[in-house]
Amino acid sequence: MKKTLSLVLYIAFFSAAFAFEWPSGKVDSEKITTFFAQKTGSSMGTFINIKETEEVKCSDDGNTLIILEDSKDDTDFFPSALGSAVIVRHDDNLISVYSHLDKDSIKTSDYSTLISKNEDISLTGTSGFVKEEKTLGFQIIDVKEKKAINPLLLLPQPSVLPALSISSIIIKNKNNVAYDMQWAKAFVAGTYKIYFKRNDLAVPFKTSVLINGEQTDEISYNSLNQEDGKCNVSGKRNYSNAEIYPDDKLMLAGEAILKQGKATITIIFTDLKGSARQLNYNVTVH
């Protein structure tokens, strides 16, 4: 309960304090090709990608901090695949990052130049990993807390978001032996990781795991942390990209400790609009 309240207050604080605008005009979900925390190669995406964009506008008042040209940096927050990019500093330790730009059309060339909300920054290009269709990459980062913030928390939400499909609930023991929850009804006591089949596009905003009604884990994608240049996401502990996405098919819902006796395993998937889907599994633990 305490963790849930903290999350609500965190979201409310940012949503109320910072009214960012879409850097490409208000878009619908069909124009978002990569969602926050989606698996992108060997990492979790700290950004959203928006297609069918030409003009790129500043999302909020600030000043130009950095102009990158095919960055050679390679952290999860600033991967080399950003291509040509502009980074703008805002109040309260937030920065916004605009990537895959056409370097010849970047409007500002002086660091610390004041820039206003909705002021033109550049045109989209095909720099970085974007080689064909012009696409805008957009990030919001809290530099003090070293967190990438889910941009959809701070932007006006699209009217429709891609539906999250929940299927193939898989539970793995400490030896990485996998069981399909549709059929497995008996387990040996111990610690287990619970997975679901990951979606190609949609990412849950929050996943919760409960045993006999008591929450044992909750993973929230309101932000991603950075440690030693790599991203992780907060649950009952910090989970790395490799733990969230162990392969190309599964995504972690959370961990649970099963003790001897009868147990009800509950998994709750919550989307950005607050809609939740709950699954229950009754098992025997030896």
# chains A, B, ... in the order shown; residues from 1 in each chain; ligands from 1
$ select_by_dssp --residues "range 70-187 of chain A" --states "helix (DSSP H, G or I)" --output "PyMOL selection string"
chain A and resi 80-82+103-105+151-153
$ residues_around --residues "Tyr239 in chain A" --least-positions-apart "5" --cutoff "12 Å" --atoms "only C-alpha atoms" --output "PyMOL selection string"
chain A and resi 44+193+217-221+224-227+230-234+244-246+251-255
$ select_by_dssp --residues "range 21-156 of chain A" --states "strand (DSSP E or B)" --output "PyMOL selection string"
chain A and resi 23+25+32-34+39-40+43-44+48-51+55-57+62-68+85-89+94-99+101+114-115+120-124+135-142+147-149
$ closest_residue --among "A:Ala276, A:Ala85, A:Val285, A:Met181" --to "His100 in chain A" --atoms "only C-alpha atoms"
A:Ala85
$ closest_residue --among "A:Gly45, A:Pro204, A:Gly25, A:Gly229" --to "Gln139 in chain A" --atoms "only C-alpha atoms"
A:Gly45
$ atom_distance --atom1 "CA of Thr264 in chain A" --atom2 "CA of Gln278 in chain A"
12.2 Å
$ residues_around --residues "Thr46 in chain A" --least-positions-apart "4" --cutoff "10 Å" --atoms "only C-alpha atoms" --output "PDB file with C-alpha atoms, in the first residue's frame"
ATOM      1  CA  THR A  34       8.558   2.341 -29.659  1.00  0.00           C
ATOM      2  CA  PHE A  35       7.070   2.682 -26.179  1.00  0.00           C
ATOM      3  CA  PHE A  36       8.944   3.400 -22.950  1.00  0.00           C
ATOM      4  CA  ALA A  37      10.668   0.304 -21.463  1.00  0.00           C
ATOM      5  CA  GLN A  38      10.022  -1.711 -24.610  1.00  0.00           C
ATOM      6  CA  LYS A  39      12.773  -4.200 -25.482  1.00  0.00           C
ATOM      7  CA  THR A  40      15.094  -2.547 -27.988  1.00  0.00           C
ATOM      8  CA  ASP A  76      21.421   3.210 -22.014  1.00  0.00           C
ATOM      9  CA  PHE A  77      20.338   6.830 -21.483  1.00  0.00           C
ATOM     10  CA  PHE A  78      22.432   8.176 -24.375  1.00  0.00           C
ATOM     11  CA  PRO A  79      23.139   5.316 -26.795  1.00  0.00           C
ATOM     12  CA  GLY A 137      13.109   9.862 -30.621  1.00  0.00           C
ATOM     13  CA  PHE A 138      11.987  11.646 -27.425  1.00  0.00           C
ATOM     14  CA  GLN A 139      13.218  11.222 -23.835  1.00  0.00           C
ATOM     15  CA  ILE A 140      12.709  12.985 -20.500  1.00  0.00           C
ATOM     16  CA  ILE A 141      15.412  12.457 -17.882  1.00  0.00           C
ATOM     17  CA  LYS A 147      16.057   8.351 -13.903  1.00  0.00           C
ATOM     18  CA  ALA A 148      14.510   8.283 -17.336  1.00  0.00           C
ATOM     19  CA  ILE A 149      10.866   9.307 -16.897  1.00  0.00           C
ATOM     20  CA  ASN A 150       8.121   7.668 -18.933  1.00  0.00           C
ATOM     21  CA  PRO A 151       7.219  10.563 -21.297  1.00  0.00           C
ATOM     22  CA  SER A 223      10.738   5.462 -14.722  1.00  0.00           C
ATOM     23  CA  LEU A 224      13.971   3.577 -15.361  1.00  0.00           C
ATOM     24  CA  ASN A 225      17.086   3.946 -13.219  1.00  0.00           C
ATOM     25  CA  CYS A 231      19.217   0.696 -17.037  1.00  0.00           C
TER      26      CYS A 231
END
$ closest_residue --among "A:Leu164, A:Ser112, A:Phe205, A:Ile265" --to "Tyr192 in chain A" --atoms "only C-alpha atoms"
A:Ile265
$ residues_around --residues "Val88 in chain A" --least-positions-apart "5" --cutoff "6 Å" --atoms "only C-alpha atoms" --output "list in words"
Asn63, Thr64, Leu65, Ile95 and Ser96 of chain A
$ closest_residue --among "A:Lys31, A:Arg89, A:Arg198, A:Lys117" --to "Ser59 in chain A" --atoms "only C-alpha atoms"
A:Lys117
$ closest_residue --among "A:Asn118, A:Ser105, A:Ser42, A:Ser29" --to "Asp60 in chain A" --atoms "only C-alpha atoms"
A:Asn118
$ residues_around --residues "Glu214 in chain A" --least-positions-apart "4" --cutoff "12 Å" --atoms "only C-alpha atoms" --output "list in words"
Met1, Ser208, Val209, Leu210, Glu218, Ala256, Ile257, Leu258, Ala263, Thr264, Ile265, Thr266 and Ile267 of chain A
$ atom_distance --atom1 "CA of Lys57 in chain A" --atom2 "CA of Glu119 in chain A"
5.2 Å
$ atom_distance --atom1 "CA of Gln260 in chain A" --atom2 "CA of Asn176 in chain A"
20.0 Å
$ residues_around --residues "Val56 in chain A" --least-positions-apart "6" --cutoff "9 Å" --atoms "only C-alpha atoms" --output "PDB file with C-alpha atoms, in the first residue's frame"
ATOM      1  CA  PRO A  23       7.354  17.707 -29.668  1.00  0.00           C
ATOM      2  CA  SER A  24       5.572  16.794 -32.903  1.00  0.00           C
ATOM      3  CA  GLY A  25       2.042  17.925 -32.097  1.00  0.00           C
ATOM      4  CA  TYR A  98      15.232  14.986 -29.267  1.00  0.00           C
ATOM      5  CA  LEU A 101      17.363  14.717 -36.285  1.00  0.00           C
ATOM      6  CA  ASN A 118       6.714  24.882 -29.115  1.00  0.00           C
ATOM      7  CA  GLU A 119       9.736  26.660 -30.632  1.00  0.00           C
ATOM      8  CA  ASP A 120      11.218  24.877 -33.645  1.00  0.00           C
ATOM      9  CA  ILE A 121      14.280  22.741 -32.920  1.00  0.00           C
ATOM     10  CA  SER A 122      14.902  20.865 -36.149  1.00  0.00           C
ATOM     11  CA  LEU A 123      13.458  18.565 -38.768  1.00  0.00           C
ATOM     12  CA  THR A 124      13.476  14.810 -38.332  1.00  0.00           C
ATOM     13  CA  LEU A 136      11.663  11.323 -33.812  1.00  0.00           C
TER      14      LEU A 136
END
$ closest_residue --among "A:Val143, A:Ala163, A:Ile106, A:Thr126" --to "Glu30 in chain A" --atoms "only C-alpha atoms"
A:Ala163
